[in-house]
Amino acid sequence: MLNITNNSLYDKVDLGQYEAGKKVLRGSHYKYFNRFLKFFAAFLIIVVFLPWTQTVSGTGSVTTLTPEQRPQTIQSPIPGKIEKWYVNEGDFVEKGDTILFISEIKNEYFDPQLAERTGDQVNSKKRSLDSYENKISSLGSQINSLQVEKNLKLEQAQNKLRQSILKMRSDSIDLEAFKINLEIAERQFNRIQQLNEEGLKSMTDLEEKRLKLQESQAKLISQENKLLNSRNDIINAEIELNRIDAEYGDKISKARSERSTAESDLYQTEADVSKLESSFTNYQMRNDLYYIRAPQTGYINKAIKSGIGETFKEGDPLVGIMPSEYELAVETFVEPIDLPLLHKGEKVRIRFDGWPAIVFSGWPNVSYGTYGAKIVAIENFISPNGKYRVLLAQDEDDHPWPAAVRVGSGANTLALLEDVPIWYEIWRQLNGFPPNYYTPENSEKAKK
């Protein structure tokens with residue numbers, strides 16, 4: 001309280017006699033003000049010890065829970081030219097309904113009967129396969145016949161060889177017999193010659209024995225000639241045996257070579273047939289691709305390529321479609337420093353664009369116009385905007401989300417973390433510290 005009694009002016013002039021002085025120097029004014037300050041200080045002390053829920057804020061947009069429920073564009077896997085539209089923007093289409101018809105722009109597919117002509121080529125190649133198979137079968141039969149004939153010829157030549165060997169042995173035995181006969185004839189001639197010299201035998205007997213000796217010599221020479229002929233017959237039989245083996249071996253080898261060539265042509269034709277069948281199937285499928293159909297049931301959003309006769313490349317988006325049945329979700333983006341604070345299954349408050357809300361960051365229970373959600377997925381790789389993407393689904397235990405919310409609308413999120421006193425939160429904010437890092441103890445999924 002201001003002590004005016006120490007003022008020198010107060011000693012000389014009585015300020016209390018003035019109206020203004022009476023109002024300023026009134027003592028009850030300071031009593032009320034001091035009482036207010038005391039109550040305010042007590043209230044402030046109580047407030048700083050109240051619980052405060054730490055939050056992680058983020059911005060994002062409304063999307064769908066599963067990827068197949070999100071808006072998509074329909075592309076053509078082949079380049080083409082737009083010929084006719086069967087739908088308008090905003091139309092409802094069932095899965096498989098025709099959206100537009102396109103035509104070819106590549107000259108190798110201009111022939112309208114390309115698939116049919118390719119099918120004729122496939123049939124022709126298949127008939128060639130039958131011809132090659134018949135040729136291979138005939139050559140196989142020819143090889144078997146040559147093998148049988150070779151075996152018979154070889155057996156015949158071997159029999160002739162054995163006959164020649166037996167004849168050679170017989171001639172050899174006869175030669176030995178003729179040698180013995182020659183020795184006998186020589187002894188008889190010598191004996192008769194000696195008796196003739198002694199006068200005991202006549203010249204006629206001597207000439208008879210000489211003639212017999214000459215006959216024995218001639219027979220011996222003739223038998224030696226026969227033996228040589230028999231040996232030559234053996235050699236000729238062996239040569240014939242080798243000739244037959246070589247001749248039929250050459251014929252069989254030639255037939256096998258022709259069969260191998262036919263088999264090679266058969267395999268090449270099979271490869272050509274397979275290639276043509278693949279081309280035929282591709283052409284048939286390509287003909288089906290001329291009709292762009294709806295991949296799922298939904299609504300036509302926007303015709304990206306709209307003009308009749310407008311050309312496009314493969315993979316270019318042609319039209320956008322929005323599925324008719326979907327489950328809403330919210331994708332939000334948080335700072336990297338806040339990512340360790342988030343876990344699957346945790347509660348999040350959402351404020352949708354277009355729905356008025358009064359948000360109390362630290363007291364979510366008194367917030368108005370926000371909706372409950374829970375974390376279902378957290379990306380492990382940072383997004384191009386420098387933040388991490390978090391996917392939120394509707395909390396079944398909370399109020400349902402507005403039915404008029406559409407995919408793509410904006411949303412602001414508050415992830416609810418640990419409850420701390422207000423003084424701790426003020427101290428943390430002043431020092432720039434992150435919220436408390438903690439792991440929920442009641443979530444088995446979070447523990448894993």
# chains A, B, ... in the order shown; residues from 1 in each chain; ligands from 1
$ residues_around --residues "stretch 95-111 of chain A" --least-positions-apart "3" --cutoff "6 Å" --atoms "only C-alpha atoms" --output "ChimeraX atom specification"
/A:80-87,114,290-297
$ select_by_dssp --residues "stretch 35-182 of chain A" --states "strand (DSSP E)" --output "mmCIF file with N, CA, C and O atoms, in the first residue's frame"
data_model
loop_
_atom_site.group_PDB
_atom_site.id
_atom_site.type_symbol
_atom_site.label_atom_id
_atom_site.label_comp_id
_atom_site.auth_asym_id
_atom_site.auth_seq_id
_atom_site.Cartn_x
_atom_site.Cartn_y
_atom_site.Cartn_z
ATOM 1 N N PRO A 51 -5.005 -31.857 -14.366
ATOM 2 C CA PRO A 51 -4.444 -32.750 -15.413
ATOM 3 C C PRO A 51 -4.604 -32.142 -16.806
ATOM 4 O O PRO A 51 -5.610 -31.495 -17.107
ATOM 5 N N TRP A 52 -3.604 -32.369 -17.609
ATOM 6 C CA TRP A 52 -3.576 -31.876 -18.993
ATOM 7 C C TRP A 52 -3.171 -33.049 -19.894
ATOM 8 O O TRP A 52 -2.184 -33.728 -19.654
ATOM 9 N N THR A 53 -3.953 -33.300 -20.936
ATOM 10 C CA THR A 53 -3.653 -34.396 -21.867
ATOM 11 C C THR A 53 -2.743 -33.879 -22.973
ATOM 12 O O THR A 53 -3.121 -32.965 -23.721
ATOM 13 N N GLN A 54 -1.561 -34.456 -23.042
ATOM 14 C CA GLN A 54 -0.634 -34.082 -24.113
ATOM 15 C C GLN A 54 -1.155 -34.594 -25.452
ATOM 16 O O GLN A 54 -1.726 -35.680 -25.535
ATOM 17 N N THR A 55 -0.964 -33.815 -26.475
ATOM 18 C CA THR A 55 -1.480 -34.172 -27.810
ATOM 19 C C THR A 55 -0.390 -33.976 -28.855
ATOM 20 O O THR A 55 0.566 -33.226 -28.658
ATOM 21 N N VAL A 56 -0.584 -34.691 -29.950
ATOM 22 C CA VAL A 56 0.232 -34.509 -31.156
ATOM 23 C C VAL A 56 -0.726 -34.133 -32.267
ATOM 24 O O VAL A 56 -1.601 -34.912 -32.638
ATOM 25 N N SER A 57 -0.597 -32.943 -32.778
ATOM 26 C CA SER A 57 -1.513 -32.453 -33.802
ATOM 27 C C SER A 57 -0.983 -32.794 -35.190
ATOM 28 O O SER A 57 0.214 -32.983 -35.400
ATOM 29 N N GLY A 58 -1.902 -32.872 -36.115
ATOM 30 C CA GLY A 58 -1.538 -33.158 -37.497
ATOM 31 C C GLY A 58 -2.643 -32.719 -38.428
ATOM 32 O O GLY A 58 -3.781 -32.501 -38.022
ATOM 33 N N THR A 59 -2.294 -32.582 -39.701
ATOM 34 C CA THR A 59 -3.261 -32.215 -40.730
ATOM 35 C C THR A 59 -3.262 -33.305 -41.796
ATOM 36 O O THR A 59 -2.231 -33.919 -42.077
ATOM 37 N N GLY A 60 -4.411 -33.517 -42.369
ATOM 38 C CA GLY A 60 -4.507 -34.549 -43.399
ATOM 39 C C GLY A 60 -5.784 -34.409 -44.175
ATOM 40 O O GLY A 60 -6.328 -33.306 -44.325
ATOM 41 N N SER A 61 -6.281 -35.520 -44.659
ATOM 42 C CA SER A 61 -7.482 -35.515 -45.482
ATOM 43 C C SER A 61 -8.223 -36.833 -45.293
ATOM 44 O O SER A 61 -7.666 -37.817 -44.795
ATOM 45 N N VAL A 62 -9.464 -36.833 -45.725
ATOM 46 C CA VAL A 62 -10.299 -38.029 -45.627
ATOM 47 C C VAL A 62 -9.965 -38.963 -46.788
ATOM 48 O O VAL A 62 -9.843 -38.528 -47.941
ATOM 49 N N THR A 63 -9.799 -40.241 -46.488
ATOM 50 C CA THR A 63 -9.524 -41.252 -47.495
ATOM 51 C C THR A 63 -10.359 -42.493 -47.157
ATOM 52 O O THR A 63 -11.340 -42.388 -46.417
ATOM 53 N N THR A 64 -9.990 -43.624 -47.685
ATOM 54 C CA THR A 64 -10.684 -44.874 -47.381
ATOM 55 C C THR A 64 -9.750 -45.812 -46.637
ATOM 56 O O THR A 64 -8.521 -45.690 -46.711
ATOM 57 N N GLN A 72 -9.865 -44.045 -58.175
ATOM 58 C CA GLN A 72 -8.812 -44.502 -59.055
ATOM 59 C C GLN A 72 -9.084 -44.039 -60.469
ATOM 60 O O GLN A 72 -10.201 -43.625 -60.803
ATOM 61 N N THR A 73 -8.044 -44.089 -61.273
ATOM 62 C CA THR A 73 -8.173 -43.801 -62.690
ATOM 63 C C THR A 73 -8.080 -45.102 -63.464
ATOM 64 O O THR A 73 -7.372 -46.026 -63.062
ATOM 65 N N ILE A 74 -8.780 -45.162 -64.563
ATOM 66 C CA ILE A 74 -8.772 -46.349 -65.422
ATOM 67 C C ILE A 74 -7.843 -46.068 -66.593
ATOM 68 O O ILE A 74 -7.999 -45.048 -67.283
ATOM 69 N N GLN A 75 -6.863 -46.945 -66.801
ATOM 70 C CA GLN A 75 -5.914 -46.808 -67.894
ATOM 71 C C GLN A 75 -6.138 -47.908 -68.920
ATOM 72 O O GLN A 75 -6.761 -48.928 -68.639
ATOM 73 N N GLY A 80 -4.069 -46.286 -78.126
ATOM 74 C CA GLY A 80 -5.233 -46.344 -78.993
ATOM 75 C C GLY A 80 -5.828 -44.973 -79.252
ATOM 76 O O GLY A 80 -5.242 -43.932 -78.926
ATOM 77 N N LYS A 81 -7.009 -45.005 -79.820
ATOM 78 C CA LYS A 81 -7.744 -43.794 -80.173
ATOM 79 C C LYS A 81 -9.187 -43.964 -79.717
ATOM 80 O O LYS A 81 -9.794 -45.016 -79.935
ATOM 81 N N ILE A 82 -9.725 -42.941 -79.059
ATOM 82 C CA ILE A 82 -11.092 -42.994 -78.543
ATOM 83 C C ILE A 82 -12.088 -42.937 -79.704
ATOM 84 O O ILE A 82 -12.016 -42.045 -80.553
ATOM 85 N N GLU A 83 -12.995 -43.921 -79.719
ATOM 86 C CA GLU A 83 -13.996 -43.984 -80.781
ATOM 87 C C GLU A 83 -15.412 -43.673 -80.278
ATOM 88 O O GLU A 83 -16.175 -43.006 -80.956
ATOM 89 N N LYS A 84 -15.754 -44.153 -79.059
ATOM 90 C CA LYS A 84 -17.137 -43.963 -78.601
ATOM 91 C C LYS A 84 -17.185 -44.049 -77.081
ATOM 92 O O LYS A 84 -16.514 -44.882 -76.475
ATOM 93 N N TRP A 85 -17.974 -43.156 -76.472
ATOM 94 C CA TRP A 85 -18.229 -43.176 -75.035
ATOM 95 C C TRP A 85 -19.604 -43.810 -74.784
ATOM 96 O O TRP A 85 -20.567 -43.521 -75.484
ATOM 97 N N PHE A 92 -23.614 -44.113 -62.674
ATOM 98 C CA PHE A 92 -23.310 -45.276 -61.845
ATOM 99 C C PHE A 92 -23.083 -46.480 -62.760
ATOM 100 O O PHE A 92 -23.880 -46.749 -63.662
ATOM 101 N N VAL A 93 -21.983 -47.189 -62.543
ATOM 102 C CA VAL A 93 -21.658 -48.343 -63.390
ATOM 103 C C VAL A 93 -21.401 -49.544 -62.492
ATOM 104 O O VAL A 93 -20.904 -49.420 -61.361
ATOM 105 N N THR A 98 -19.189 -51.584 -69.878
ATOM 106 C CA THR A 98 -18.337 -50.931 -70.876
ATOM 107 C C THR A 98 -18.408 -49.421 -70.695
ATOM 108 O O THR A 98 -19.506 -48.838 -70.644
ATOM 109 N N ILE A 99 -17.242 -48.792 -70.621
ATOM 110 C CA ILE A 99 -17.169 -47.338 -70.441
ATOM 111 C C ILE A 99 -16.920 -46.647 -71.773
ATOM 112 O O ILE A 99 -17.586 -45.672 -72.102
ATOM 113 N N LEU A 100 -15.972 -47.123 -72.552
ATOM 114 C CA LEU A 100 -15.704 -46.535 -73.860
ATOM 115 C C LEU A 100 -15.077 -47.580 -74.767
ATOM 116 O O LEU A 100 -14.598 -48.629 -74.298
ATOM 117 N N PHE A 101 -15.081 -47.279 -76.063
ATOM 118 C CA PHE A 101 -14.497 -48.155 -77.077
ATOM 119 C C PHE A 101 -13.357 -47.419 -77.749
ATOM 120 O O PHE A 101 -13.474 -46.224 -78.083
ATOM 121 N N ILE A 102 -12.234 -48.119 -77.934
ATOM 122 C CA ILE A 102 -11.062 -47.519 -78.556
ATOM 123 C C ILE A 102 -10.691 -48.336 -79.793
ATOM 124 O O ILE A 102 -11.160 -49.474 -79.972
ATOM 125 N N SER A 103 -9.848 -47.766 -80.634
ATOM 126 C CA SER A 103 -9.369 -48.449 -81.835
ATOM 127 C C SER A 103 -7.849 -48.402 -81.866
ATOM 128 O O SER A 103 -7.216 -47.697 -81.070
#
$ residues_around --residues "stretch 148-155 of chain A" --least-positions-apart "3" --cutoff "8 Å" --atoms "only C-alpha atoms" --output "PyMOL selection string"
chain A and resi 144-145+158-159+241+244-245+248
$ write_last_selection --atoms "all heavy atoms" --output "PDB file, in the first residue's frame"
ATOM      1  N   ASN A 144      14.219 -99.893 -88.444  1.00  0.00           N
ATOM      2  CA  ASN A 144      14.014-101.248 -87.894  1.00  0.00           C
ATOM      3  C   ASN A 144      14.136-102.310 -88.994  1.00  0.00           C
ATOM      4  O   ASN A 144      14.744-103.371 -88.790  1.00  0.00           O
ATOM      5  CB  ASN A 144      12.645-101.330 -87.228  1.00  0.00           C
ATOM      6  CG  ASN A 144      12.553-100.455 -85.996  1.00  0.00           C
ATOM      7  OD1 ASN A 144      13.575-100.198 -85.337  1.00  0.00           O
ATOM      8  ND2 ASN A 144      11.362 -99.985 -85.670  1.00  0.00           N
ATOM      9  N   SER A 145      13.565-101.999 -90.184  1.00  0.00           N
ATOM     10  CA  SER A 145      13.655-102.960 -91.292  1.00  0.00           C
ATOM     11  C   SER A 145      15.099-103.142 -91.737  1.00  0.00           C
ATOM     12  O   SER A 145      15.554-104.281 -91.996  1.00  0.00           O
ATOM     13  CB  SER A 145      12.802-102.474 -92.464  1.00  0.00           C
ATOM     14  OG  SER A 145      11.443-102.360 -92.084  1.00  0.00           O
ATOM     15  N   GLN A 158      27.949-114.829 -92.348  1.00  0.00           N
ATOM     16  CA  GLN A 158      28.665-115.632 -91.355  1.00  0.00           C
ATOM     17  C   GLN A 158      28.530-117.123 -91.656  1.00  0.00           C
ATOM     18  O   GLN A 158      29.487-117.894 -91.478  1.00  0.00           O
ATOM     19  CB  GLN A 158      28.136-115.296 -89.959  1.00  0.00           C
ATOM     20  CG  GLN A 158      28.551-113.925 -89.445  1.00  0.00           C
ATOM     21  CD  GLN A 158      27.872-113.561 -88.156  1.00  0.00           C
ATOM     22  OE1 GLN A 158      27.016-114.322 -87.679  1.00  0.00           O
ATOM     23  NE2 GLN A 158      28.249-112.413 -87.592  1.00  0.00           N
ATOM     24  N   ASN A 159      27.342-117.536 -92.133  1.00  0.00           N
ATOM     25  CA  ASN A 159      27.177-118.948 -92.526  1.00  0.00           C
ATOM     26  C   ASN A 159      28.112-119.295 -93.686  1.00  0.00           C
ATOM     27  O   ASN A 159      28.749-120.368 -93.713  1.00  0.00           O
ATOM     28  CB  ASN A 159      25.728-119.218 -92.919  1.00  0.00           C
ATOM     29  CG  ASN A 159      24.798-119.149 -91.724  1.00  0.00           C
ATOM     30  OD1 ASN A 159      25.225-119.362 -90.585  1.00  0.00           O
ATOM     31  ND2 ASN A 159      23.528-118.859 -91.969  1.00  0.00           N
ATOM     32  N   LEU A 241      31.336-109.978 -95.206  1.00  0.00           N
ATOM     33  CA  LEU A 241      30.755-109.687 -93.886  1.00  0.00           C
ATOM     34  C   LEU A 241      30.980-108.235 -93.507  1.00  0.00           C
ATOM     35  O   LEU A 241      30.054-107.542 -93.053  1.00  0.00           O
ATOM     36  CB  LEU A 241      31.366-110.633 -92.856  1.00  0.00           C
ATOM     37  CG  LEU A 241      30.703-110.694 -91.473  1.00  0.00           C
ATOM     38  CD1 LEU A 241      29.286-111.237 -91.581  1.00  0.00           C
ATOM     39  CD2 LEU A 241      31.522-111.554 -90.524  1.00  0.00           C
ATOM     40  N   ILE A 244      28.825-105.924 -95.789  1.00  0.00           N
ATOM     41  CA  ILE A 244      27.413-105.879 -95.380  1.00  0.00           C
ATOM     42  C   ILE A 244      27.244-105.002 -94.150  1.00  0.00           C
ATOM     43  O   ILE A 244      26.321-104.169 -94.064  1.00  0.00           O
ATOM     44  CB  ILE A 244      26.894-107.305 -95.126  1.00  0.00           C
ATOM     45  CG1 ILE A 244      26.828-108.096 -96.446  1.00  0.00           C
ATOM     46  CG2 ILE A 244      25.517-107.268 -94.459  1.00  0.00           C
ATOM     47  CD1 ILE A 244      26.501-109.555 -96.263  1.00  0.00           C
ATOM     48  N   ASP A 245      28.142-105.156 -93.174  1.00  0.00           N
ATOM     49  CA  ASP A 245      28.063-104.348 -91.954  1.00  0.00           C
ATOM     50  C   ASP A 245      28.221-102.865 -92.273  1.00  0.00           C
ATOM     51  O   ASP A 245      27.480-102.022 -91.756  1.00  0.00           O
ATOM     52  CB  ASP A 245      29.133-104.813 -90.966  1.00  0.00           C
ATOM     53  CG  ASP A 245      29.016-104.105 -89.633  1.00  0.00           C
ATOM     54  OD1 ASP A 245      27.978-104.255 -88.972  1.00  0.00           O
ATOM     55  OD2 ASP A 245      29.964-103.377 -89.260  1.00  0.00           O
ATOM     56  N   TYR A 248      25.002-101.584 -94.542  1.00  0.00           N
ATOM     57  CA  TYR A 248      23.767-101.361 -93.781  1.00  0.00           C
ATOM     58  C   TYR A 248      23.974-100.356 -92.643  1.00  0.00           C
ATOM     59  O   TYR A 248      23.034 -99.651 -92.259  1.00  0.00           O
ATOM     60  CB  TYR A 248      23.237-102.691 -93.242  1.00  0.00           C
ATOM     61  CG  TYR A 248      22.533-103.498 -94.305  1.00  0.00           C
ATOM     62  CD1 TYR A 248      23.213-104.429 -95.077  1.00  0.00           C
ATOM     63  CD2 TYR A 248      21.194-103.300 -94.559  1.00  0.00           C
ATOM     64  CE1 TYR A 248      22.576-105.157 -96.064  1.00  0.00           C
ATOM     65  CE2 TYR A 248      20.531-104.025 -95.544  1.00  0.00           C
ATOM     66  CZ  TYR A 248      21.231-104.958 -96.294  1.00  0.00           C
ATOM     67  OH  TYR A 248      20.598-105.666 -97.280  1.00  0.00           O
TER      68      TYR A 248
END
$ closest_atom_pairs --of "stretch 74-188 of chain A" --to "stretch 228-233 of chain A" --cutoff "9 Å" --atoms "only C-alpha atoms" --output "JSON lines"
{"residue": "A:Lys160", "atom": "CA", "partner": "A:Asp233", "partner_atom": "CA", "distance": 8.8}
{"residue": "A:Leu161", "atom": "CA", "partner": "A:Asp233", "partner_atom": "CA", "distance": 7.7}
{"residue": "A:Ser164", "atom": "CA", "partner": "A:Asp233", "partner_atom": "CA", "distance": 5.8}
{"residue": "A:Ile165", "atom": "CA", "partner": "A:Ser230", "partner_atom": "CA", "distance": 7.4}
{"residue": "A:Leu166", "atom": "CA", "partner": "A:Ser230", "partner_atom": "CA", "distance": 8.8}
{"residue": "A:Lys167", "atom": "CA", "partner": "A:Ser230", "partner_atom": "CA", "distance": 6.2}
{"residue": "A:Met168", "atom": "CA", "partner": "A:Ser230", "partner_atom": "CA", "distance": 4.7}
{"residue": "A:Arg169", "atom": "CA", "partner": "A:Ser230", "partner_atom": "CA", "distance": 8.5}
{"residue": "A:Asp171", "atom": "CA", "partner": "A:Ser230", "partner_atom": "CA", "distance": 7.5}
$ residues_around --residues "A:Gly345" --least-positions-apart "2" --cutoff "7 Å" --atoms "only C-alpha atoms" --output "compact mmCIF listing (two decimals) with N, CA and C atoms, in the first residue's frame"
# COMPACT_ATOMS: atom_id res chain seq x y z
N HIS A 343 1.13 -45.06 -31.46
CA HIS A 343 1.08 -46.53 -31.50
C HIS A 343 -0.28 -46.94 -32.04
N LYS A 347 -6.15 -43.56 -29.29
CA LYS A 347 -7.30 -42.71 -29.60
C LYS A 347 -6.83 -41.39 -30.20
N LYS A 374 -9.18 -44.04 -34.17
CA LYS A 374 -8.07 -44.79 -33.60
C LYS A 374 -7.05 -45.08 -34.71
N ILE A 375 -5.80 -45.21 -34.30
CA ILE A 375 -4.71 -45.43 -35.26
C ILE A 375 -4.73 -46.89 -35.70
N VAL A 376 -4.71 -47.09 -37.03
CA VAL A 376 -4.69 -48.47 -37.57
C VAL A 376 -3.41 -48.76 -38.34
$ closest_residue --among "A:Glu238, A:Glu183, A:Glu68, A:Asp174" --to "A:Glu224" --atoms "only C-alpha atoms"
A:Asp174
$ closest_residue --among "A:Trp423, A:Tyr132, A:Phe39, A:Trp401" --to "A:Glu263" --atoms "only C-alpha atoms"
A:Tyr132
$ atom_distance --atom1 "atom CA of A:Leu139" --atom2 "atom CA of A:Lys126"
20.0 Å
$ atom_distance --atom1 "atom CA of A:Thr261" --atom2 "atom CA of A:Asp130"
15.1 Å
$ select_by_dssp --residues "stretch 341-413 of chain A" --states "helix (DSSP H, G or I)" --output "list of chain:residue names"
A:Leu341, A:Pro364, A:Asn365, A:Val366
$ write_last_selection --atoms "N, CA, C and O atoms" --output "short mmCIF file (atom, residue, chain, number, x, y, z; two decimals), in the first residue's frame"
data_model
loop_
_atom_site.label_atom_id
_atom_site.label_comp_id
_atom_site.auth_asym_id
_atom_site.auth_seq_id
_atom_site.Cartn_x
_atom_site.Cartn_y
_atom_site.Cartn_z
N LEU A 341 5.79 -41.33 -30.46
CA LEU A 341 4.73 -41.21 -29.45
C LEU A 341 3.47 -41.96 -29.87
O LEU A 341 2.59 -42.22 -29.04
N PRO A 364 -9.70 -32.99 -24.11
CA PRO A 364 -10.49 -33.49 -25.25
C PRO A 364 -11.93 -33.81 -24.87
O PRO A 364 -12.80 -33.83 -25.74
N ASN A 365 -12.19 -34.10 -23.59
CA ASN A 365 -13.54 -34.47 -23.19
C ASN A 365 -14.51 -33.29 -23.27
O ASN A 365 -15.73 -33.49 -23.33
N VAL A 366 -13.98 -32.07 -23.23
CA VAL A 366 -14.87 -30.89 -23.29
C VAL A 366 -14.85 -30.27 -24.67
O VAL A 366 -15.45 -29.22 -24.88
#
$ closest_atom_pairs --of "stretch 398-433 of chain A" --to "stretch 370-373 of chain A" --cutoff "12 Å" --atoms "only C-alpha atoms" --output "JSON lines"
{"residue": "A:Asp398", "atom": "CA", "partner": "A:Gly372", "partner_atom": "CA", "distance": 5.5}
{"residue": "A:His399", "atom": "CA", "partner": "A:Tyr371", "partner_atom": "CA", "distance": 6.5}
{"residue": "A:Pro400", "atom": "CA", "partner": "A:Tyr371", "partner_atom": "CA", "distance": 7.5}
{"residue": "A:Trp401", "atom": "CA", "partner": "A:Tyr371", "partner_atom": "CA", "distance": 6.5}
{"residue": "A:Pro402", "atom": "CA", "partner": "A:Tyr371", "partner_atom": "CA", "distance": 8.9}
{"residue": "A:Ala411", "atom": "CA", "partner": "A:Thr370", "partner_atom": "CA", "distance": 10.3}
{"residue": "A:Asn412", "atom": "CA", "partner": "A:Thr370", "partner_atom": "CA", "distance": 9.5}
{"residue": "A:Thr413", "atom": "CA", "partner": "A:Thr370", "partner_atom": "CA", "distance": 9.1}
{"residue": "A:Leu414", "atom": "CA", "partner": "A:Thr370", "partner_atom": "CA", "distance": 9.6}
{"residue": "A:Ala415", "atom": "CA", "partner": "A:Ala373", "partner_atom": "CA", "distance": 9.2}
{"residue": "A:Leu416", "atom": "CA", "partner": "A:Ala373", "partner_atom": "CA", "distance": 10.5}
$ closest_residue --among "A:Gly386, A:Pro67, A:Gly140, A:Pro112" --to "A:Glu335" --atoms "only C-alpha atoms"
A:Gly386
$ closest_residue --among "A:Asp395, A:Asp250, A:Asp272, A:Glu215" --to "A:Leu129" --atoms "only C-alpha atoms"
A:Asp272
$ closest_residue --among "A:Glu396, A:Arg286, A:Arg259, A:Tyr424" --to "A:Lys135" --atoms "only C-alpha atoms"
A:Arg259
$ closest_residue --among "A:Pro421, A:Gly408, A:Pro77, A:Gly320" --to "A:Lys305" --atoms "only C-alpha atoms"
A:Gly320
$ residues_around --residues "A:Lys209" --least-positions-apart "5" --cutoff "10 Å" --atoms "only C-alpha atoms" --output "PyMOL selection string"
chain A and resi 185-193+203-204+214-215
$ write_last_selection --atoms "C-alpha atoms" --output "PDB file, in the first residue's frame"
ATOM      1  CA  ALA A 185      53.436-143.842-104.824  1.00  0.00           C
ATOM      2  CA  GLU A 186      57.077-142.693-104.581  1.00  0.00           C
ATOM      3  CA  ARG A 187      58.005-145.698-102.409  1.00  0.00           C
ATOM      4  CA  GLN A 188      56.203-148.087-104.759  1.00  0.00           C
ATOM      5  CA  PHE A 189      57.899-146.490-107.778  1.00  0.00           C
ATOM      6  CA  ASN A 190      61.329-146.734-106.156  1.00  0.00           C
ATOM      7  CA  ARG A 191      60.711-150.362-105.216  1.00  0.00           C
ATOM      8  CA  ILE A 192      59.516-151.321-108.699  1.00  0.00           C
ATOM      9  CA  GLN A 193      62.414-149.434-110.244  1.00  0.00           C
ATOM     10  CA  MET A 203      59.240-152.309-117.731  1.00  0.00           C
ATOM     11  CA  THR A 204      55.480-152.262-117.974  1.00  0.00           C
ATOM     12  CA  GLN A 214      52.649-138.636-111.649  1.00  0.00           C
ATOM     13  CA  GLU A 215      48.921-138.897-111.005  1.00  0.00           C
TER      14      GLU A 215
END
